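Input: a single structure, listed below in structure tokens.
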Amino acid sequence: MTRMDACTTWVRPFIVFVLLAVPLWAQPPAKPARPEALAEPLPADWCRDLPRPGYKELDRLSVAGTWFEVYRIRPGVFAIYEPHQYEEVISYLIVGSQRALLFDTGLGIGDMHEVVSQLTRLPITVLNSHTHFDHIGDNWQFQEILGVDTLYTHRNTAGATDAQLRDVVVPERFCGQPPPGFKPGSYAIPPFKIARFVKDGDVIDLGDRQLEVLLTPGHTPDALCLLDRKHKLLFTGDTFYAGPIFLYVPETDVAAYRRSVERLAQLVPQLDLLLPSHNFPAEKPEMLTRLADAFRQVQSGKAKFKMSEGRREYTFDGFSLLLSP
Ligand SMILES: [Zn+2]
């Protein structure tokens, strides 16, 4: 047996195995999907245009702390707004006679538990409009968290690391000051546990107030809206808000989004108010009719768009739709 023969019998296959396998071992572990805002370029004038004029018409409550602004939208319905960071996230506390529901926990830059305990002493259940980072920031502070049983949701219960979130807390994304003591370098979203899963049509009973869960996948697989039929309120999450609606990230399903929007548009005659999760907490129900129309125009190819940072941006009255090219 020559040395060459030995090589052909086992050494060469071994070398081939090593060459194939090493690149696999060397690959970094799969990262969670990049949250929507991290890739989003900043318009130069975003901070100059704040505060949004509509806020002075709302009933503002005084609370301790400088990060959140709290507005009473209806009796027992509080919008908890984060005006000092680019996302302008809005979480909602909905208070019944027996319990309260916290619809999202914000960015996790300010202390959500502290602000909510100034508004109610009732036991609190958390439900997220979806599990993008800007809505789950302080989930970890709460015991009872409801969620949707999707793979996407399960993955996001791991939270996010400071490295993944670095871009969220760069100085250009603040308008005004972060809360005293906040350290951008250690900003991270701790993991949390879901206590119970919700399904479409589930009713969350707060005592004298019932909230119906409408699963509205599209923006993310776990996007949902909350319907308070008696008070004619619809909490729309990121499925609708007045502003650029992001529909280009990998976790967005455009066909599912269209079905969800059509479904919500059917509810318009039964609604008094939309309460979205960004920018402004009180919008007219008719916006949903407009959104459904707009989306039909986009999908039929009739709507005009301009390219913006490699995405199609379709601008309509009061909102725009951002889609991948
Ligand atoms: Zn969002």
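Going through the structure tokens in order, the chains are called A, B, and so on, while each chain numbers its residues from 1 and the ligands are numbered from 1 in the order shown.
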
Taking only C-alpha atoms and all ligand atoms into account, report as a VMD selection string which residues have an atom no farther than 12 Å from an atom of ligand 1.
-> chain A and resid 35 to 38 82 86 to 91 104 to 107 128 to 137 219 to 220 223 236 to 241 243 to 247 276 to 279

Take the selection from the previous step and output its residues with N, CA and C atoms, as a short mmCIF file (atom, residue, chain, number, x, y, z; two decimals), in the first residue's frame.
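Dumped to result17.cif:
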data_model
loop_
_atom_site.label_atom_id
_atom_site.label_comp_id
_atom_site.auth_asym_id
_atom_site.auth_seq_id
_atom_site.Cartn_x
_atom_site.Cartn_y
_atom_site.Cartn_z
N PRO A 35 -35.28 43.84 14.70
CA PRO A 35 -36.52 44.57 14.96
C PRO A 35 -36.70 45.71 13.96
N GLU A 36 -37.96 46.04 13.72
CA GLU A 36 -38.34 46.97 12.66
C GLU A 36 -37.55 48.28 12.66
N ALA A 37 -37.36 48.87 13.83
CA ALA A 37 -36.87 50.24 13.83
C ALA A 37 -35.38 50.32 13.60
N LEU A 38 -34.68 49.22 13.80
CA LEU A 38 -33.23 49.32 13.80
C LEU A 38 -32.69 49.68 12.43
N GLU A 82 -44.56 57.49 25.08
CA GLU A 82 -43.12 57.71 25.26
C GLU A 82 -42.65 58.71 24.19
N TYR A 86 -37.61 58.12 19.32
CA TYR A 86 -38.11 58.17 17.94
C TYR A 86 -39.36 57.33 17.68
N GLU A 87 -39.45 56.15 18.33
CA GLU A 87 -40.60 55.28 18.07
C GLU A 87 -41.93 55.88 18.49
N GLU A 88 -41.91 56.80 19.47
CA GLU A 88 -43.17 57.35 20.02
C GLU A 88 -44.18 56.24 20.31
N VAL A 89 -43.74 55.31 21.10
CA VAL A 89 -44.58 54.16 21.43
C VAL A 89 -45.70 54.57 22.39
N ILE A 90 -46.85 53.94 22.22
CA ILE A 90 -47.97 54.15 23.15
C ILE A 90 -48.42 52.79 23.67
N SER A 91 -48.42 52.64 24.99
CA SER A 91 -48.99 51.46 25.64
C SER A 91 -50.31 51.92 26.27
N ASP A 104 -49.34 46.19 26.06
CA ASP A 104 -47.93 46.53 25.78
C ASP A 104 -47.23 47.19 26.98
N THR A 105 -45.92 47.01 26.98
CA THR A 105 -45.13 47.53 28.11
C THR A 105 -44.02 48.49 27.65
N GLY A 106 -44.09 48.92 26.39
CA GLY A 106 -43.20 49.98 25.91
C GLY A 106 -41.78 49.53 25.64
N LEU A 107 -40.91 50.54 25.55
CA LEU A 107 -39.52 50.33 25.15
C LEU A 107 -38.66 49.73 26.25
N ASN A 128 -49.57 41.74 24.73
CA ASN A 128 -48.84 42.56 23.76
C ASN A 128 -49.58 42.63 22.43
N SER A 129 -49.56 43.81 21.84
CA SER A 129 -50.17 43.98 20.52
C SER A 129 -49.41 43.14 19.49
N HIS A 130 -48.14 42.92 19.77
CA HIS A 130 -47.24 42.03 19.01
C HIS A 130 -45.93 42.08 19.76
N THR A 131 -44.96 41.26 19.37
CA THR A 131 -43.76 41.18 20.22
C THR A 131 -42.52 41.83 19.58
N HIS A 132 -42.72 42.88 18.78
CA HIS A 132 -41.56 43.71 18.42
C HIS A 132 -41.00 44.32 19.70
N PHE A 133 -39.69 44.59 19.66
CA PHE A 133 -38.99 45.01 20.89
C PHE A 133 -39.60 46.22 21.57
N ASP A 134 -40.17 47.13 20.77
CA ASP A 134 -40.64 48.40 21.35
C ASP A 134 -41.96 48.27 22.10
N HIS A 135 -42.52 47.05 22.15
CA HIS A 135 -43.79 46.84 22.85
C HIS A 135 -43.67 45.87 24.03
N ILE A 136 -42.51 45.27 24.18
CA ILE A 136 -42.33 44.24 25.21
C ILE A 136 -41.25 44.60 26.24
N GLY A 137 -40.78 45.86 26.20
CA GLY A 137 -39.60 46.25 26.96
C GLY A 137 -39.67 45.95 28.45
N HIS A 219 -48.51 42.43 10.09
CA HIS A 219 -47.33 43.21 10.53
C HIS A 219 -46.32 42.26 11.17
N THR A 220 -46.80 41.41 12.05
CA THR A 220 -46.02 40.26 12.56
C THR A 220 -47.00 39.08 12.64
N ALA A 223 -49.50 39.68 15.60
CA ALA A 223 -50.18 40.97 15.75
C ALA A 223 -51.65 40.75 16.11
N THR A 236 -55.53 49.21 18.06
CA THR A 236 -55.10 48.65 16.77
C THR A 236 -53.65 48.15 16.73
N GLY A 237 -52.88 48.36 17.79
CA GLY A 237 -51.48 47.93 17.76
C GLY A 237 -50.74 48.62 16.63
N ASP A 238 -49.89 47.87 15.92
CA ASP A 238 -49.16 48.44 14.78
C ASP A 238 -49.84 48.10 13.45
N THR A 239 -51.03 47.49 13.53
CA THR A 239 -51.75 47.21 12.29
C THR A 239 -52.22 48.51 11.66
N PHE A 240 -52.60 49.46 12.52
CA PHE A 240 -52.82 50.82 12.03
C PHE A 240 -52.35 51.86 13.03
N TYR A 241 -51.59 52.82 12.55
CA TYR A 241 -51.36 54.08 13.27
C TYR A 241 -51.14 55.16 12.22
N GLY A 243 -48.98 57.33 10.46
CA GLY A 243 -47.54 57.45 10.25
C GLY A 243 -47.12 56.43 9.22
N PRO A 244 -45.80 56.27 9.01
CA PRO A 244 -45.35 55.24 8.07
C PRO A 244 -45.52 53.84 8.69
N ILE A 245 -46.31 52.99 8.05
CA ILE A 245 -46.56 51.65 8.58
C ILE A 245 -45.57 50.69 7.91
N PHE A 246 -44.77 50.02 8.74
CA PHE A 246 -43.69 49.17 8.21
C PHE A 246 -44.21 47.80 7.81
N LEU A 247 -44.08 47.49 6.51
CA LEU A 247 -44.55 46.19 6.03
C LEU A 247 -43.48 45.49 5.22
N PRO A 276 -54.22 53.55 18.47
CA PRO A 276 -53.03 52.89 17.90
C PRO A 276 -51.83 52.88 18.85
N SER A 277 -50.82 52.11 18.50
CA SER A 277 -49.67 51.91 19.38
C SER A 277 -48.45 52.80 19.09
N HIS A 278 -48.61 53.73 18.16
CA HIS A 278 -47.54 54.73 17.94
C HIS A 278 -48.17 56.09 17.64
N ASN A 279 -47.40 57.11 17.95
CA ASN A 279 -47.62 58.49 17.49
C ASN A 279 -48.79 59.22 18.14
#

Among region 40-103 of chain A, which ones does DSSP place in strand (DSSP E or B), written as JSON, numbers by chain?
-> {"A": [59, 60, 61, 69, 70, 71, 72, 73, 74, 77, 78, 79, 80, 81, 85, 89, 90, 91, 92, 93, 94, 95, 100, 101, 102, 103]}

Selection above as a file: N, CA and C atoms, as a compact mmCIF listing (two decimals), in the first residue's frame:
# COMPACT_ATOMS: atom_id res chain seq x y z
N ASP A 59 -56.72 64.88 27.57
CA ASP A 59 -56.74 65.08 29.02
C ASP A 59 -55.47 64.47 29.64
N ARG A 60 -54.47 65.31 29.90
CA ARG A 60 -53.20 64.79 30.41
C ARG A 60 -53.22 64.70 31.93
N LEU A 61 -52.73 63.58 32.45
CA LEU A 61 -52.65 63.38 33.90
C LEU A 61 -51.23 63.66 34.36
N GLU A 69 -45.66 60.24 29.27
CA GLU A 69 -46.80 61.15 29.42
C GLU A 69 -48.04 60.27 29.43
N VAL A 70 -48.96 60.57 30.35
CA VAL A 70 -50.17 59.75 30.47
C VAL A 70 -51.40 60.60 30.12
N TYR A 71 -52.25 60.05 29.27
CA TYR A 71 -53.47 60.74 28.84
C TYR A 71 -54.68 59.86 29.12
N ARG A 72 -55.75 60.47 29.67
CA ARG A 72 -56.99 59.72 29.86
C ARG A 72 -57.80 59.89 28.57
N ILE A 73 -57.95 58.78 27.85
CA ILE A 73 -58.62 58.85 26.55
C ILE A 73 -60.14 58.69 26.72
N ARG A 74 -60.51 57.80 27.64
CA ARG A 74 -61.90 57.57 28.02
C ARG A 74 -61.84 57.20 29.50
N VAL A 77 -59.45 54.36 30.57
CA VAL A 77 -58.53 54.03 29.45
C VAL A 77 -57.41 55.07 29.39
N PHE A 78 -56.21 54.62 29.69
CA PHE A 78 -55.07 55.53 29.76
C PHE A 78 -54.06 55.20 28.66
N ALA A 79 -53.64 56.22 27.94
CA ALA A 79 -52.55 56.07 26.95
C ALA A 79 -51.26 56.45 27.66
N ILE A 80 -50.29 55.56 27.59
CA ILE A 80 -48.99 55.80 28.24
C ILE A 80 -47.98 55.99 27.12
N TYR A 81 -47.64 57.23 26.89
CA TYR A 81 -46.92 57.65 25.68
C TYR A 81 -45.45 57.90 26.00
N GLN A 85 -38.49 59.30 22.54
CA GLN A 85 -37.69 58.39 21.71
C GLN A 85 -38.41 58.29 20.36
N VAL A 89 -43.74 55.31 21.10
CA VAL A 89 -44.58 54.16 21.43
C VAL A 89 -45.70 54.57 22.39
N ILE A 90 -46.85 53.94 22.22
CA ILE A 90 -47.97 54.15 23.15
C ILE A 90 -48.42 52.79 23.67
N SER A 91 -48.42 52.64 24.99
CA SER A 91 -48.99 51.46 25.64
C SER A 91 -50.31 51.92 26.27
N TYR A 92 -51.20 50.97 26.56
CA TYR A 92 -52.49 51.36 27.13
C TYR A 92 -52.78 50.59 28.40
N LEU A 93 -53.28 51.31 29.40
CA LEU A 93 -53.80 50.65 30.59
C LEU A 93 -55.32 50.76 30.54
N ILE A 94 -55.98 49.61 30.58
CA ILE A 94 -57.44 49.58 30.49
C ILE A 94 -57.94 49.00 31.81
N VAL A 95 -58.68 49.82 32.55
CA VAL A 95 -59.01 49.46 33.93
C VAL A 95 -60.48 49.06 34.03
N ALA A 100 -57.02 45.05 35.68
CA ALA A 100 -56.63 45.99 34.62
C ALA A 100 -55.82 45.22 33.59
N LEU A 101 -55.93 45.65 32.36
CA LEU A 101 -55.13 45.04 31.30
C LEU A 101 -54.14 46.08 30.78
N LEU A 102 -52.89 45.68 30.73
CA LEU A 102 -51.85 46.55 30.16
C LEU A 102 -51.55 46.03 28.76
N PHE A 103 -51.90 46.85 27.77
CA PHE A 103 -51.72 46.46 26.37
C PHE A 103 -50.37 47.01 25.93

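Note that the spacing between CA of Gln98 (chain A) and CA of Arg121 (chain A) amounts to 10.1 Å.
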
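Between CA of Leu273 (chain A) and CA of Cys225 (chain A) the separation is 13.0 Å.
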
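Using only C-alpha atoms, the smallest distance between any of A:Leu275, A:Ala160, A:Ala294, A:Leu58 and Ile189 (chain A) comes from A:Ala160.
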
CA of Leu227 (chain A) to CA of Gln141 (chain A) measures 25.1 Å

Step one, run DSSP on the backbone; step two, keep only residues of region 117-256 of chain A assigned to alpha helix (DSSP H); then write them as a tab-separated table (two decimals) with C-alpha atoms, in the first residue's frame.
chain	number	residue	atom	x	y	z
A	117	SER	CA	-48.91	51.61	39.79
A	151	LEU	CA	-43.05	30.45	16.96
A	152	TYR	CA	-42.31	34.13	16.45
A	153	THR	CA	-43.73	34.98	19.88
A	154	HIS	CA	-41.84	32.18	21.59
A	155	ARG	CA	-38.60	33.40	20.07
A	156	ASN	CA	-39.20	36.95	21.28
A	162	ASP	CA	-27.71	45.42	24.43
A	163	ALA	CA	-25.78	44.70	21.21
A	164	GLN	CA	-29.03	44.10	19.26
A	165	LEU	CA	-30.60	47.26	20.67
A	254	VAL	CA	-48.42	41.19	3.27
A	255	ALA	CA	-51.27	38.87	2.20
A	256	ALA	CA	-52.20	38.21	5.84

Gln266 (chain A) surroundings by only C-alpha atoms, 9 Å radius, close-in-sequence under 5 positions cut, as an NGL selection string = :A and (261 or 288-289)

Please provide the set of residues having any atom within 12 Å of Val198 (chain A), restricted to only C-alpha atoms, with same-chain residues fewer than 3 positions apart removed, written as a VMD selection string.
-> chain A and resid 126 to 129 145 to 150 153 194 to 195 201 to 204 211 to 215 222 to 226

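The environment of region 298-303 of chain A within 12 Å, counting only C-alpha atoms and disregarding residues fewer than 5 places along the same chain, consists of A:Val254, A:Ala255, A:Tyr257, A:Arg258, A:Leu291, A:Ala292, A:Asp293, A:Arg312, A:Glu313, A:Tyr314, A:Thr315, A:Phe316, A:Ser320, A:Leu321, A:Leu322, A:Leu323.
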